[in-house]
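Worksheet: one structure, shown below.
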Amino acid sequence: MIERLQELVNADPALVRRGRWTNADMLLETGARRWLVAIRAGRIEAVRTVEMAVAPFDFAIRGTEEAWAEFWKPMPKPRHHDLIALIREGKMRFEGDMDLLMANLLYLKLVLEAPRRTGVAA
Amino acid sequence: MSPVIEPIAGRYMRLQIDGREHRLYWEEAGSGVPLLCLHTAGADGRQYRAILNDPTITERFRVVVFDMPWHGKSSPPEGWEREDYKLTTESYVELVVTVAEALGLDRPALMGCSIGGRVVLELARRHPNLFRAVIGLQSSAFVQRYFDLSYLHRPNIHGGEVCAAYCYGLVGPGAPQKHRWETLWHYMQGGPGVFLGDLHFYSIDGDVSGRLAEIDTARCPVFMLTGEYDYSCTLEASRETAAKIVGAELTVMQGLGHFPMSEDPERFRGYLMPVLERIAAG
């Protein structure tokens with residue numbers, strides 16, 4: 001799913017516009033797997049898997065595999081439909097530069113929901 | 001296309017609340033049993049736009065919605081620039097009682113959501129003679145903080161954007177886009193620190209859990225409606241609260257989140273109407 005973020009986000013001009021001031025290297029973790037998502041001016045420049053245990057990032061969003069799978073369903077179950085809902089459930093964590101993350105939270109929520117909105121997740 | 005003029009009338013009043021002069025904005029529509037409505041933290045009375053525009057409600061109810069001081073078109077009191085806005089149980093109770101009295105509402109039914117859903121419980125306890133019934137939407141006795149709320153008011157993070165981002169997921173995932181984004185816009189328009197100041201009541205000062213047993217539902221019936229997608233005021237929290245109020249009636253609203261009347265008015269209507277029927281029947 002994460003490999004498809006680049007295509008989904010870059011094809012959505014309103015989303016790219018919302019993120020036009022957003023520049024960040026975002027680490028995404030689903031269970032044991034990790035990706036680095038390079039965001040430049042609201043576009044996703046690259047998505048690459050991270051093999052090394054230590055790798056640089058601005059902020060990280062780490063969730064269990066089960067949490068992300070439910071999150072990406074077209075109609076997730078209650079309290080699994082939102083990043084902060086999952087944090088409250090203890091199934092997701094924010095780490096790193098929290099000011100950068102929080103300043104861009106609406107854009108980031110929409111980016112990470114892109115697979116759900118396009119129906120790809122179904 | 002000719003314009004559609006809505007039946008809602010909005011006016012301002014100047015009044016003393018808690019010993020300070022305030023300029024307060026309110027809207028109303030309809031006639032009959034007074035129904036006073038309280039908006040959520042960090043938002044304003046526009047959340048009730050669909051109720052105010054619903055002829056099947058306004059033909060029997062005088063629906064009254066006010067913007068709390070600091071919210072919507074109500075101003076903060078003079079001298080606000082030198083203080084931090086913080087809502088407390090005492091100031092909230094005083095506000096609602098003062099406004100109901102100022103508008104001459106005769107034993108109104110009282111409906112509130114989130115912080116409003118909390119304070120209606122305290123008002124039912126303290127003033128069962130002033131309100132004929134209360135309806136708590138997304139109502140619970142207390143919600144522990146689970147996030148550092150200071151992010152909602154920092155100079156390097158846009159307050160409107162972050163408040164809307166925070167609330168984005170409190171809307172149910174199936175809500176119509178039009179109403180989801182209208183609801184978020186209200187959050188984007190909130191004054192700096194106002195949402196945070198309301199949450200002082202929600203998550204610090206306003207714990208009413210020890211006083212629920214004192215509510216006499218024979219004098220002031222308590223109806224609770226909670227959307228299943230709310231992860232702030234959860235279904236479990238509402239259930240726990242309802243279980244401690246003898247006679248309280250809790251209904252679970254499928255598909256809805258934290259802002260039922262604003263995020264999906266059509267779906268909410270199906271849950272609200274049976275409650276209003278019973279209140280209208282006395």
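Going by the structure tokens order, chains are called A, B, ..., each with residues numbered from 1, while ligands are numbered from 1 in the order shown.
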Show me, as a PyMOL selection string, the residues that have an atom within 6 Å of Asp25 of chain A when counting only C-alpha atoms, minus same-chain residues fewer than 3 positions from it.
chain A and resi 37-38+57-58
Next, the residues of the selection above should be written as a PDB file, in the first residue's frame with C-alpha atoms.
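Wrote result.pdb, looks like this:
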```pdb
ATOM      1  CA  VAL A  37       8.637   8.824   2.303  1.00  0.00           C
ATOM      2  CA  ALA A  38      10.305  11.960   0.930  1.00  0.00           C
ATOM      3  CA  PHE A  57      14.048  10.908   9.339  1.00  0.00           C
ATOM      4  CA  ASP A  58      12.222  14.070  10.416  1.00  0.00           C
TER       5      ASP A  58
END
```
Show which residues sit within 7 Å of Arg43 of chain A, as JSON, numbers by chain. Count only C-alpha atoms, and ignore same-chain residues fewer than 3 positions away.
{"A": [9, 10, 16, 39, 40]}
Expected file: the selected residues, C-alpha atoms, as a tab-separated table (two decimals), in the first residue's frame:
```
chain	number	residue	atom	x	y	z
A	9	VAL	CA	-0.83	11.71	-3.78
A	10	ASN	CA	0.87	13.20	-6.83
A	16	VAL	CA	-0.45	18.55	-3.41
A	39	ILE	CA	7.80	14.82	0.73
A	40	ARG	CA	8.84	17.90	-1.23
```
Alpha helix (DSSP H) per DSSP on the backbone: members of chain A, as an NGL selection string
:A and (5-10 or 13-18 or 65-71 or 83-88 or 98-103 or 105-117)
Report the closest atom pair, with its distance in Å rounded to one decimal, for each residue of chain A that has an atom no farther than 6 Å from chain B; count only C-alpha atoms, sort by chain and then rising residue number, and write it as JSON lines.
```
{"residue": "A:Pro78", "atom": "CA", "partner": "B:Tyr229", "partner_atom": "CA", "distance": 4.6}
{"residue": "A:Arg79", "atom": "CA", "partner": "B:Tyr231", "partner_atom": "CA", "distance": 5.5}
{"residue": "A:Asp82", "atom": "CA", "partner": "B:Gly169", "partner_atom": "CA", "distance": 5.1}
{"residue": "A:Ala85", "atom": "CA", "partner": "B:Tyr231", "partner_atom": "CA", "distance": 5.7}
{"residue": "A:Ala103", "atom": "CA", "partner": "B:Ile157", "partner_atom": "CA", "distance": 4.9}
{"residue": "A:Leu105", "atom": "CA", "partner": "B:Ala165", "partner_atom": "CA", "distance": 5.7}
{"residue": "A:Leu106", "atom": "CA", "partner": "B:Ala165", "partner_atom": "CA", "distance": 4.3}
```
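Excluding Asn129 of chain B itself and same-chain residues fewer than 3 positions from it, the residues having an atom within 12 Å of it are Val97, Asp106, Arg107, Pro108, Ala109, Leu123, Ala124, Arg125, Arg126, Arg132, Ala133, Val134, Ile215, Asp216, Thr217, Ala218, Arg219, Cys220 and Pro221 of chain B, counting only C-alpha atoms.
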Straight-line distance linking atom CA of Gly112 of chain B with atom CA of Gly282 of chain B, stated in Å to one decimal:
19.6 Å
